[in-house]
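Colleague: File structure-v1.txt below, compact mmCIF, C-alpha atoms:
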```
# COMPACT_ATOMS: atom_id res chain seq x y z
CA MET G 14 39.95 -20.75 6.56
CA LYS G 15 37.04 -22.41 8.31
CA ASN G 16 34.93 -19.25 8.00
CA LEU G 17 35.87 -18.97 4.33
CA LYS G 18 34.60 -22.51 3.69
CA LYS G 19 31.32 -21.68 5.42
CA LEU G 20 30.98 -18.56 3.29
CA LEU G 21 31.64 -20.50 0.09
CA LEU G 22 29.11 -23.16 1.11
CA PHE G 23 26.51 -20.48 1.86
CA ALA G 24 27.18 -18.76 -1.48
CA THR G 25 26.83 -22.10 -3.29
CA LEU G 26 23.48 -22.78 -1.62
CA ILE G 27 22.20 -19.31 -2.48
CA PHE G 28 23.25 -19.80 -6.09
CA CYS G 29 21.51 -23.16 -6.30
CA VAL G 30 18.27 -21.83 -4.83
CA THR G 31 18.35 -18.79 -7.12
CA ALA G 32 19.18 -20.83 -10.18
CA ASN G 33 16.37 -23.31 -9.58
CA ALA G 34 13.70 -20.87 -8.39
CA GLN G 35 11.14 -19.75 -10.92
CA TYR G 36 9.33 -16.58 -10.01
CA TYR G 37 6.22 -15.69 -11.97
CA LEU G 38 5.00 -12.18 -11.32
CA GLY G 39 2.34 -12.04 -14.00
CA THR G 40 2.22 -11.17 -17.67
CA PRO G 41 2.19 -7.49 -18.69
CA ASP G 42 -0.13 -6.96 -21.65
CA SER G 43 -2.13 -4.23 -23.37
CA VAL G 44 -5.09 -3.78 -25.67
CA PHE G 45 -5.70 -0.95 -28.10
CA SER G 46 -9.02 0.69 -27.27
CA LYS G 47 -11.14 2.28 -29.95
CA THR G 48 -13.34 3.57 -27.15
CA TYR G 49 -10.50 5.67 -25.75
CA ASN G 50 -8.36 5.81 -28.92
CA GLU G 51 -5.28 4.66 -27.04
CA SER G 52 -3.47 1.56 -25.82
CA ARG G 53 -4.59 0.39 -22.38
CA ASP G 54 -2.33 -1.63 -20.07
CA LEU G 55 -3.41 -4.93 -18.52
CA LEU G 56 -1.76 -7.17 -15.93
CA VAL G 57 -2.56 -10.86 -16.40
CA TYR G 58 -1.99 -13.77 -14.05
CA LEU G 59 -2.11 -17.20 -15.71
CA PRO G 60 -2.55 -20.56 -13.96
CA LYS G 61 0.56 -22.74 -13.97
CA ASP G 62 -1.11 -25.27 -16.27
CA VAL G 63 -1.48 -22.54 -18.89
CA ARG G 64 2.13 -21.40 -18.50
CA ASP G 65 3.30 -25.02 -18.79
CA TYR G 66 1.12 -25.58 -21.90
CA LYS G 67 -0.86 -28.38 -20.25
CA ASP G 68 -4.28 -29.42 -21.57
CA SER G 69 -4.74 -27.01 -24.46
CA THR G 70 -8.50 -27.63 -24.44
CA ALA G 71 -9.01 -26.20 -20.94
CA LYS G 72 -10.85 -22.93 -20.43
CA TYR G 73 -10.51 -21.02 -17.16
CA PRO G 74 -12.79 -18.58 -15.31
CA VAL G 75 -11.59 -14.98 -15.44
CA LEU G 76 -11.33 -12.71 -12.42
CA TYR G 77 -11.37 -9.03 -13.42
CA VAL G 78 -9.88 -6.62 -10.88
CA LEU G 79 -10.40 -2.86 -11.05
CA ASP G 80 -7.59 -0.56 -9.87
CA GLY G 81 -5.38 -3.45 -10.92
CA GLY G 82 -2.07 -1.72 -10.39
CA ALA G 83 -2.80 -1.51 -6.67
CA HIS G 84 -4.28 -4.97 -6.16
CA PHE G 85 -2.52 -7.25 -8.67
CA LEU G 86 0.03 -8.88 -6.35
CA ALA G 87 -2.44 -9.45 -3.53
CA VAL G 88 -5.17 -10.96 -5.71
CA SER G 89 -2.96 -13.06 -7.98
CA GLY G 90 -1.01 -14.33 -4.97
CA LEU G 91 -4.26 -15.29 -3.28
CA ILE G 92 -5.45 -17.22 -6.33
CA LYS G 93 -2.11 -19.03 -6.59
CA GLU G 94 -2.05 -19.99 -2.90
CA LEU G 95 -5.64 -21.24 -2.77
CA SER G 96 -5.93 -22.95 -6.15
CA GLU G 97 -2.47 -24.28 -7.02
CA PHE G 98 0.02 -24.21 -4.19
CA ALA G 99 0.64 -27.69 -2.72
CA GLY G 100 -2.39 -29.00 -4.64
CA ASP G 101 -4.82 -26.77 -2.77
CA MET G 102 -8.35 -26.52 -4.18
CA VAL G 103 -10.04 -23.94 -1.98
CA LEU G 104 -10.59 -21.74 -5.04
CA PRO G 105 -10.75 -22.73 -8.71
CA LYS G 106 -7.80 -22.04 -10.96
CA MET G 107 -8.46 -18.71 -12.63
CA ILE G 108 -7.01 -16.19 -15.04
CA VAL G 109 -6.70 -12.85 -13.25
CA VAL G 110 -6.96 -9.70 -15.37
CA CYS G 111 -6.07 -6.52 -13.51
CA ILE G 112 -7.02 -3.23 -15.14
CA PRO G 113 -4.91 -0.28 -13.98
CA SER G 114 -6.68 3.03 -13.53
CA TYR G 115 -6.19 5.84 -16.04
CA ASN G 116 -8.82 8.25 -14.70
CA ARG G 117 -10.77 6.40 -12.02
CA ASN G 118 -12.81 9.44 -10.97
CA LYS G 119 -14.35 9.52 -14.44
CA GLU G 120 -14.26 5.88 -15.54
CA LEU G 121 -15.62 4.28 -12.38
CA THR G 122 -18.44 6.70 -11.50
CA PRO G 123 -21.93 5.89 -12.85
CA TYR G 124 -23.07 9.33 -14.06
CA PRO G 125 -21.99 12.98 -13.69
CA ILE G 126 -22.67 14.88 -10.48
CA SER G 127 -22.29 18.62 -10.18
CA LYS G 128 -21.55 18.79 -6.48
CA SER G 129 -21.29 16.66 -3.37
CA LYS G 130 -20.34 17.18 0.26
CA LEU G 131 -18.05 14.16 0.02
CA VAL G 132 -16.40 14.95 -3.33
CA PRO G 133 -14.25 18.03 -4.01
CA GLU G 134 -15.46 20.18 -6.90
CA GLU G 135 -12.42 19.37 -9.05
CA ILE G 136 -13.28 15.66 -8.81
CA SER G 137 -17.03 16.04 -9.35
CA LYS G 138 -16.32 17.80 -12.67
CA GLU G 139 -14.67 14.58 -13.95
CA THR G 140 -17.40 12.11 -12.97
CA GLY G 141 -19.74 10.02 -15.07
CA GLY G 142 -17.79 7.73 -17.42
CA ALA G 143 -18.90 4.29 -16.21
CA GLU G 144 -20.98 3.44 -19.28
CA GLU G 145 -18.07 4.19 -21.59
CA PHE G 146 -15.74 2.10 -19.41
CA THR G 147 -18.31 -0.72 -19.42
CA GLN G 148 -18.32 -0.61 -23.21
CA PHE G 149 -14.52 -0.79 -23.18
CA LEU G 150 -14.66 -3.94 -21.04
CA GLU G 151 -17.44 -5.65 -22.95
CA THR G 152 -16.41 -4.96 -26.54
CA GLU G 153 -12.63 -4.73 -26.25
CA VAL G 154 -11.12 -6.28 -23.12
CA PHE G 155 -13.34 -9.37 -23.03
CA ASN G 156 -12.79 -10.07 -26.71
CA TYR G 157 -9.05 -9.54 -26.44
CA ILE G 158 -8.69 -11.84 -23.43
CA ALA G 159 -10.80 -14.54 -25.12
CA SER G 160 -8.70 -14.33 -28.29
CA LYS G 161 -5.33 -14.61 -26.56
CA TYR G 162 -5.90 -16.66 -23.41
CA PRO G 163 -7.89 -19.84 -22.60
CA ALA G 164 -10.77 -17.94 -20.98
CA SER G 165 -14.17 -19.46 -20.28
CA ASN G 166 -17.39 -17.46 -20.18
CA SER G 167 -17.35 -17.45 -16.38
CA ARG G 168 -16.41 -13.96 -15.12
CA THR G 169 -16.07 -12.36 -11.69
CA LEU G 170 -15.60 -8.63 -11.03
CA ILE G 171 -13.84 -7.08 -8.02
CA GLY G 172 -14.20 -3.36 -7.29
CA HIS G 173 -13.19 -1.25 -4.28
CA SER G 174 -14.49 2.23 -3.35
CA PHE G 175 -15.37 3.95 -6.66
CA GLY G 176 -14.64 0.56 -8.23
CA GLY G 177 -17.32 -0.82 -5.93
CA ILE G 178 -20.03 1.50 -7.26
CA PHE G 179 -18.85 0.76 -10.80
CA ALA G 180 -19.45 -2.94 -10.09
CA LEU G 181 -22.89 -2.14 -8.67
CA SER G 182 -23.65 -0.03 -11.73
CA VAL G 183 -22.81 -2.97 -14.00
CA LEU G 184 -24.88 -5.29 -11.81
CA GLY G 185 -27.84 -2.91 -12.09
CA LYS G 186 -27.64 -2.18 -15.82
CA HIS G 187 -25.60 -4.98 -17.43
CA LYS G 188 -25.97 -7.90 -15.03
CA ASN G 189 -24.98 -10.58 -17.54
CA LEU G 190 -21.48 -9.25 -18.10
CA PHE G 191 -20.36 -11.03 -14.92
CA ASP G 192 -21.51 -14.01 -12.89
CA ASN G 193 -20.13 -12.78 -9.58
CA TYR G 194 -19.69 -9.29 -8.14
CA LEU G 195 -17.29 -8.74 -5.26
CA VAL G 196 -17.84 -5.20 -3.99
CA ILE G 197 -15.52 -3.78 -1.32
CA ASP G 198 -16.39 -0.71 0.76
CA PRO G 199 -18.28 0.94 -2.12
CA SER G 200 -19.05 4.67 -2.32
CA THR G 201 -22.79 4.09 -2.01
CA TRP G 202 -23.21 7.66 -0.76
CA TYR G 203 -22.73 8.76 -4.38
CA ASP G 204 -25.15 11.51 -5.43
CA ASP G 205 -26.73 11.68 -1.96
CA ARG G 206 -27.56 7.94 -2.20
CA LYS G 207 -29.66 8.42 -5.35
CA PHE G 208 -27.36 5.99 -7.15
CA SER G 209 -27.87 3.34 -4.43
CA LYS G 210 -31.63 3.68 -4.77
CA GLN G 211 -31.37 3.14 -8.54
CA VAL G 212 -29.42 -0.08 -8.03
CA LEU G 213 -31.88 -1.31 -5.40
CA ASP G 214 -34.71 -0.56 -7.82
CA SER G 215 -33.01 -2.68 -10.50
CA LEU G 216 -32.46 -5.51 -8.03
CA THR G 217 -36.14 -5.35 -7.09
CA LYS G 218 -37.52 -5.38 -10.63
CA ASN G 219 -35.20 -7.86 -12.37
CA ASN G 220 -34.27 -11.52 -12.17
CA TYR G 221 -30.77 -12.25 -10.84
CA VAL G 222 -30.80 -16.03 -10.82
CA GLY G 223 -27.25 -17.32 -11.19
CA LYS G 224 -25.66 -14.07 -9.96
CA SER G 225 -23.73 -13.58 -6.73
CA LEU G 226 -23.00 -10.35 -4.85
CA PHE G 227 -20.61 -10.07 -1.89
CA ILE G 228 -20.17 -6.72 -0.11
CA GLY G 229 -17.35 -6.07 2.34
CA ILE G 230 -17.85 -3.16 4.76
CA ALA G 231 -14.90 -1.45 6.47
CA ASN G 232 -14.91 0.38 9.79
CA THR G 233 -14.40 3.95 8.63
CA THR G 234 -15.82 5.61 11.74
CA ASP G 235 -13.64 4.00 14.42
CA ILE G 236 -16.89 2.78 15.97
CA ALA G 237 -16.90 -1.01 15.95
CA ASP G 238 -20.62 -1.34 16.72
CA THR G 239 -22.68 -0.84 13.55
CA SER G 240 -25.87 -0.32 15.56
CA VAL G 241 -24.20 2.78 16.98
CA VAL G 242 -22.92 3.83 13.57
CA LYS G 243 -26.44 3.76 12.12
CA LYS G 244 -27.51 6.35 14.68
CA GLN G 245 -24.78 8.79 13.68
CA ASN G 246 -25.62 11.85 11.62
CA THR G 247 -22.18 13.14 10.69
CA LEU G 248 -20.54 13.62 7.33
CA LEU G 249 -17.68 11.39 8.47
CA SER G 250 -20.02 8.48 9.10
CA GLU G 251 -22.00 8.80 5.84
CA HIS G 252 -19.76 6.41 3.90
CA GLU G 253 -20.24 3.54 6.31
CA ARG G 254 -23.90 4.33 7.02
CA SER G 255 -24.74 4.36 3.32
CA ILE G 256 -23.23 0.90 2.80
CA ILE G 257 -25.07 -0.54 5.80
CA ALA G 258 -28.33 0.96 4.51
CA PHE G 259 -27.71 -0.42 1.01
CA CYS G 260 -27.04 -3.93 2.35
CA THR G 261 -30.20 -3.72 4.46
CA GLY G 262 -32.10 -2.76 1.32
CA VAL G 263 -30.73 -5.72 -0.63
CA LYS G 264 -31.70 -8.11 2.16
CA THR G 265 -35.30 -6.92 2.06
CA ILE G 266 -35.66 -7.83 -1.63
CA LYS G 267 -37.34 -11.20 -2.05
CA ASN G 268 -37.40 -13.71 -4.88
CA ASN G 269 -35.02 -11.99 -7.30
CA GLY G 270 -32.68 -15.00 -7.31
CA LEU G 271 -29.57 -13.06 -6.26
CA ARG G 272 -27.16 -14.84 -3.93
CA PHE G 273 -26.26 -12.02 -1.56
CA TYR G 274 -23.62 -11.97 1.17
CA SER G 275 -22.14 -9.18 3.25
CA LYS G 276 -19.53 -8.94 5.97
CA TYR G 277 -18.43 -6.17 8.32
CA TYR G 278 -14.76 -5.73 9.23
CA PRO G 279 -14.48 -3.90 12.57
CA ASP G 280 -10.67 -4.06 12.57
CA ASP G 281 -10.11 -2.78 9.03
CA ASP G 282 -10.44 0.65 7.46
CA HIS G 283 -11.03 1.69 3.87
CA VAL G 284 -7.40 1.08 2.89
CA SER G 285 -6.73 -2.20 4.68
CA VAL G 286 -10.01 -3.95 3.88
CA PRO G 287 -9.51 -4.97 0.18
CA THR G 288 -7.22 -7.97 0.79
CA ILE G 289 -9.21 -9.61 3.55
CA ALA G 290 -12.55 -8.88 1.88
CA THR G 291 -11.29 -10.33 -1.40
CA TYR G 292 -10.26 -13.49 0.45
CA ASP G 293 -13.62 -13.80 2.22
CA GLY G 294 -15.61 -12.87 -0.87
CA LEU G 295 -13.97 -15.46 -3.10
CA ARG G 296 -14.15 -18.11 -0.39
CA THR G 297 -17.86 -17.38 0.01
CA ILE G 298 -18.76 -17.21 -3.67
CA PHE G 299 -16.82 -20.37 -4.55
CA ALA G 300 -17.59 -22.26 -1.32
CA LYS G 301 -19.04 -25.24 -3.20
CA HIS G 302 -15.86 -25.64 -5.23
CA ARG G 303 -14.03 -27.20 -2.30
CA PHE G 304 -14.54 -30.93 -1.82
CA SER G 305 -16.34 -31.64 1.47
CA TYR G 306 -14.81 -34.45 3.50
CA ALA G 307 -17.74 -34.27 5.90
CA SER G 308 -20.07 -35.30 3.07
CA ILE G 309 -18.32 -38.62 2.51
CA GLU G 310 -19.49 -39.85 5.91
CA ALA G 311 -23.18 -39.51 4.98
CA SER G 312 -24.85 -42.90 4.69
CA SER G 313 -26.03 -42.09 1.16
CA PHE G 314 -22.54 -41.20 -0.13
CA LYS G 315 -21.15 -43.65 -2.70
CA PRO G 316 -17.41 -42.97 -3.21
CA ALA G 317 -17.09 -44.89 -6.49
CA THR G 318 -19.62 -42.63 -8.24
CA ASP G 319 -20.02 -39.51 -6.09
CA ILE G 320 -16.35 -38.50 -5.99
CA PRO G 321 -15.88 -38.55 -9.80
CA LEU G 322 -19.27 -36.84 -10.22
CA PHE G 323 -18.20 -33.95 -7.96
CA PHE G 324 -15.10 -33.21 -10.02
CA GLU G 325 -16.92 -33.73 -13.32
CA THR G 326 -19.54 -31.19 -12.21
CA GLN G 327 -16.89 -28.67 -11.15
CA SER G 328 -15.09 -29.17 -14.46
CA ARG G 329 -18.28 -28.43 -16.37
CA LEU G 330 -19.12 -25.36 -14.31
CA LEU G 331 -15.65 -23.85 -14.43
CA GLY G 332 -14.71 -24.73 -17.99
CA TYR G 333 -11.58 -26.79 -17.43
CA ARG G 334 -10.92 -30.42 -16.55
CA ILE G 335 -10.29 -31.13 -12.88
CA PRO G 336 -9.06 -34.71 -12.43
CA VAL G 337 -9.78 -36.42 -9.13
CA PRO G 338 -6.72 -35.56 -7.00
CA THR G 339 -4.82 -38.46 -5.45
CA ASP G 340 -4.64 -36.68 -2.10
CA VAL G 341 -8.45 -36.52 -2.00
CA LEU G 342 -8.64 -40.26 -2.56
CA GLU G 343 -6.04 -40.98 0.11
CA ARG G 344 -7.68 -38.72 2.67
CA CYS G 345 -11.06 -40.34 2.02
CA ASP G 346 -9.44 -43.75 2.40
CA ALA G 347 -7.98 -42.71 5.76
CA ILE G 348 -11.42 -41.53 6.95
CA TYR G 349 -13.11 -44.80 5.98
CA LYS G 350 -10.28 -46.74 7.60
CA ARG G 351 -10.65 -44.77 10.84
CA LYS G 352 -14.43 -45.27 10.75
CA GLN G 353 -13.91 -49.00 10.06
CA ASP G 354 -16.17 -48.63 7.02
CA LYS G 355 -14.77 -51.56 5.09
CA PRO G 356 -17.26 -51.63 2.15
CA ARG G 357 -16.70 -47.99 1.26
CA LYS G 358 -12.96 -48.23 1.86
CA GLU G 359 -12.81 -51.07 -0.67
CA ALA G 360 -14.97 -49.11 -3.13
CA LEU G 361 -12.67 -46.11 -2.68
CA ARG G 362 -9.56 -48.18 -3.32
CA SER G 363 -11.14 -49.73 -6.41
CA LEU G 364 -11.72 -46.21 -7.75
CA TYR G 365 -8.12 -45.29 -6.93
CA LYS G 366 -6.82 -48.34 -8.82
CA LYS G 367 -9.02 -47.51 -11.79
CA LEU G 368 -7.89 -43.89 -12.02
CA TYR G 369 -4.23 -44.18 -10.99
CA PRO G 370 -3.07 -47.83 -11.00
CA GLU G 371 0.60 -47.18 -10.16
CA ASP G 372 -0.08 -44.57 -7.46
CA ALA G 373 -2.76 -46.76 -5.91
CA LYS G 374 -0.44 -49.75 -5.84
CA LYS G 375 2.27 -47.80 -4.00
CA TYR G 376 -0.21 -46.29 -1.58
CA ILE G 377 -1.85 -49.61 -0.69
CA GLU G 378 1.51 -51.36 -0.33
CA ASN G 379 2.76 -48.67 2.05
CA ASP G 380 -0.47 -48.77 4.02
CA ASN G 381 -0.38 -52.50 4.62
```
Could you spell out this file's structure in structure tokens?

Modeller:
Amino acid sequence: MKNLKKLLLFATLIFCVTANAQYYLGTPDSVFSKTYNESRDLLVYLPKDVRDYKDSTAKYPVLYVLDGGAHFLAVSGLIKELSEFAGDMVLPKMIVVCIPSYNRNKELTPYPISKSKLVPEEISKETGGAEEFTQFLETEVFNYIASKYPASNSRTLIGHSFGGIFALSVLGKHKNLFDNYLVIDPSTWYDDRKFSKQVLDSLTKNNYVGKSLFIGIANTTDIADTSVVKKQNTLLSEHERSIIAFCTGVKTIKNNGLRFYSKYYPDDDHVSVPTIATYDGLRTIFAKHRFSYASIEASSFKPATDIPLFFETQSRLLGYRIPVPTDVLERCDAIYKRKQDKPRKEALRSLYKKLYPEDAKKYIENDN
């Protein structure tokens, strides 16, 4: 009887948790493409504020992910954890649009190649559809997303492998389609590196002010020392060597305005690298989005004006309103209290009272 009661209690708890839990796994969608004369699937992740119909005037940055069927859960989960969960603000709230592959060998490669030591003949025959796929994104997907969802004009592109050279192709030929390019272990060996040289030429000749490029490099040789990898001359090492050479080339370009970052992952291969590189790439590109608590200790920092200004600036850049979070105010208050900075603590509390009178009253009462 005792065990039966325990079982019933356990079943009741499970029911309550299940009944109250709300799992959001994204929004399946599709767009009819005149480019391809067929309907194309999309997977869309929406910020909670959009799903809850909050602030209908807000517009959110859009994160476009190639090979979306493979990466949707990882990328959307990352955005949720670092922009919404428990009030976190490491990354901005974003709409994530994942584009599943239909024929990635054709759609993601920049131009046709007849043969390659690294591509089987049956694949090389399919190559060269990147410009058509770019047209599909620009004229059909972008317009559809803007018409249905609260999307701002801020766009970021993530591409891995062939998706990586597609992203580089767009950066070289259609740079203004995206603000940020996150390129993961790209196939920069394409066409005996002739493609890489074309992109480097574009980066050299054009102005990329306002654009960011992050490249993640996997260890595909099982040699953790890149200085050793660069000395290799094997077909197996060409993938990694070509990426290292491309990144070196980008670093030598001066005064083109591009914000360039790269990172090598000695413990990750071509398959495992996308998740960690996506995390690092987004953290790097949006580093200034996160409020710096170190900055509030600078002698020039004025909490009453500088804190609201930070969130007003972020709101303007990202396209949606970001109110000053109460936890930011309370953490700043704790820092000024610990530093015995009475003038700025009082200024901080005056701001708190102005923005959130009831919350500030409770906080100050509990603190005294």

Colleague: Identify which of the residues G:Val44, G:Leu170, G:Val132, G:Val63 lies closest to G:Val78, counting only C-alpha atoms when measuring atom-to-atom distances.

Modeller: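 Between G:Val44, G:Leu170, G:Val132, G:Val63, the residue approaching G:Val78 most closely is G:Leu170.
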
Colleague: I'd like the interatomic distance between atom CA of G:Phe208 and atom CA of G:Pro74, to a tenth of an Å.

Modeller: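 It comes out at 29.7 Å.
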
Colleague: Quick check, in Å to one decimal: how far apart do atom CA of G:Cys345 and atom CA of G:Pro105 lie?

Modeller: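 Pair atom CA of G:Cys345 / atom CA of G:Pro105 returns 20.6 Å.
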
Colleague: What does the distance from atom CA of G:Arg272 to atom CA of G:Ser225 come to in Å, to one decimal?

Modeller: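 These atoms are spaced 4.6 Å apart.
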
Colleague: Excluding same-chain residues fewer than 3 positions from stretch 245-253 of chain G, what lies within 9 Å of it counting only C-alpha atoms, as a ChimeraX atom specification?

Modeller: /G:130-131,198-202,230-234,239,241-242,256-258

Colleague: Please provide as number ranges by chain all residues within 9 Å of G:Arg117, with the sequence filter that same-chain residues fewer than 2 positions apart are discarded (counting all atoms listed in the file).

Modeller: G: 80, 114-115, 119-122, 140, 142, 175-176

Colleague: Calculated over all atoms listed in the file, which of the candidates G:Phe314, G:Val337, G:Ile236, G:Tyr194 has the smallest distance to G:Asp281?

Modeller: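 The shortest atom-to-atom distance to G:Asp281 comes from G:Ile236.
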
Colleague: Quick one: of G:Asp214, G:Asp293, G:Asp205, G:Asp354, who's nearest to G:Lys186, counting only C-alpha atoms?

Modeller: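 Under the stated criterion, the closest residue is G:Asp214.
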
Colleague: Extract, using only C-alpha atoms, all DNA, RNA and protein residues at most 12 Å from G:Pro287, discarding same-chain residues fewer than 5 positions from it, and format them as a ChimeraX atom specification.

Modeller: /G:78-81,83-85,87-88,171-174,176-177,195-199,228-231,278,281-282,292-295

Colleague: May I have the residues within 12 Å of G:Lys267 as number ranges by chain, using all atoms listed in the file and disregarding those fewer than 5 positions away in the same chain?

Modeller: G: 213, 216-222, 262, 272-273

Colleague: Could you check which of G:Ser182, G:Leu104, G:Lys301, G:Tyr37 is closest to G:Asp65, using all atoms listed in the file?

Modeller: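 Among the listed residues, the smallest separation from G:Asp65 belongs to G:Tyr37.
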
Colleague: Go through G:Glu378, G:Glu51, G:Asp280, G:Asp62 one by one, measure the shortest atom-to-atom distance of each to G:Asp235 using all atoms listed in the file, and give the residue with the smallest value.

Modeller: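 Going through G:Glu378, G:Glu51, G:Asp280, G:Asp62 one by one, the smallest distance to G:Asp235 is for G:Asp280.
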
Colleague: Smallest atom-to-atom distance to G:Asp319: which of G:Ala143, G:Ala180, G:Arg334, G:Leu342, using only C-alpha atoms?

Modeller: G:Leu342
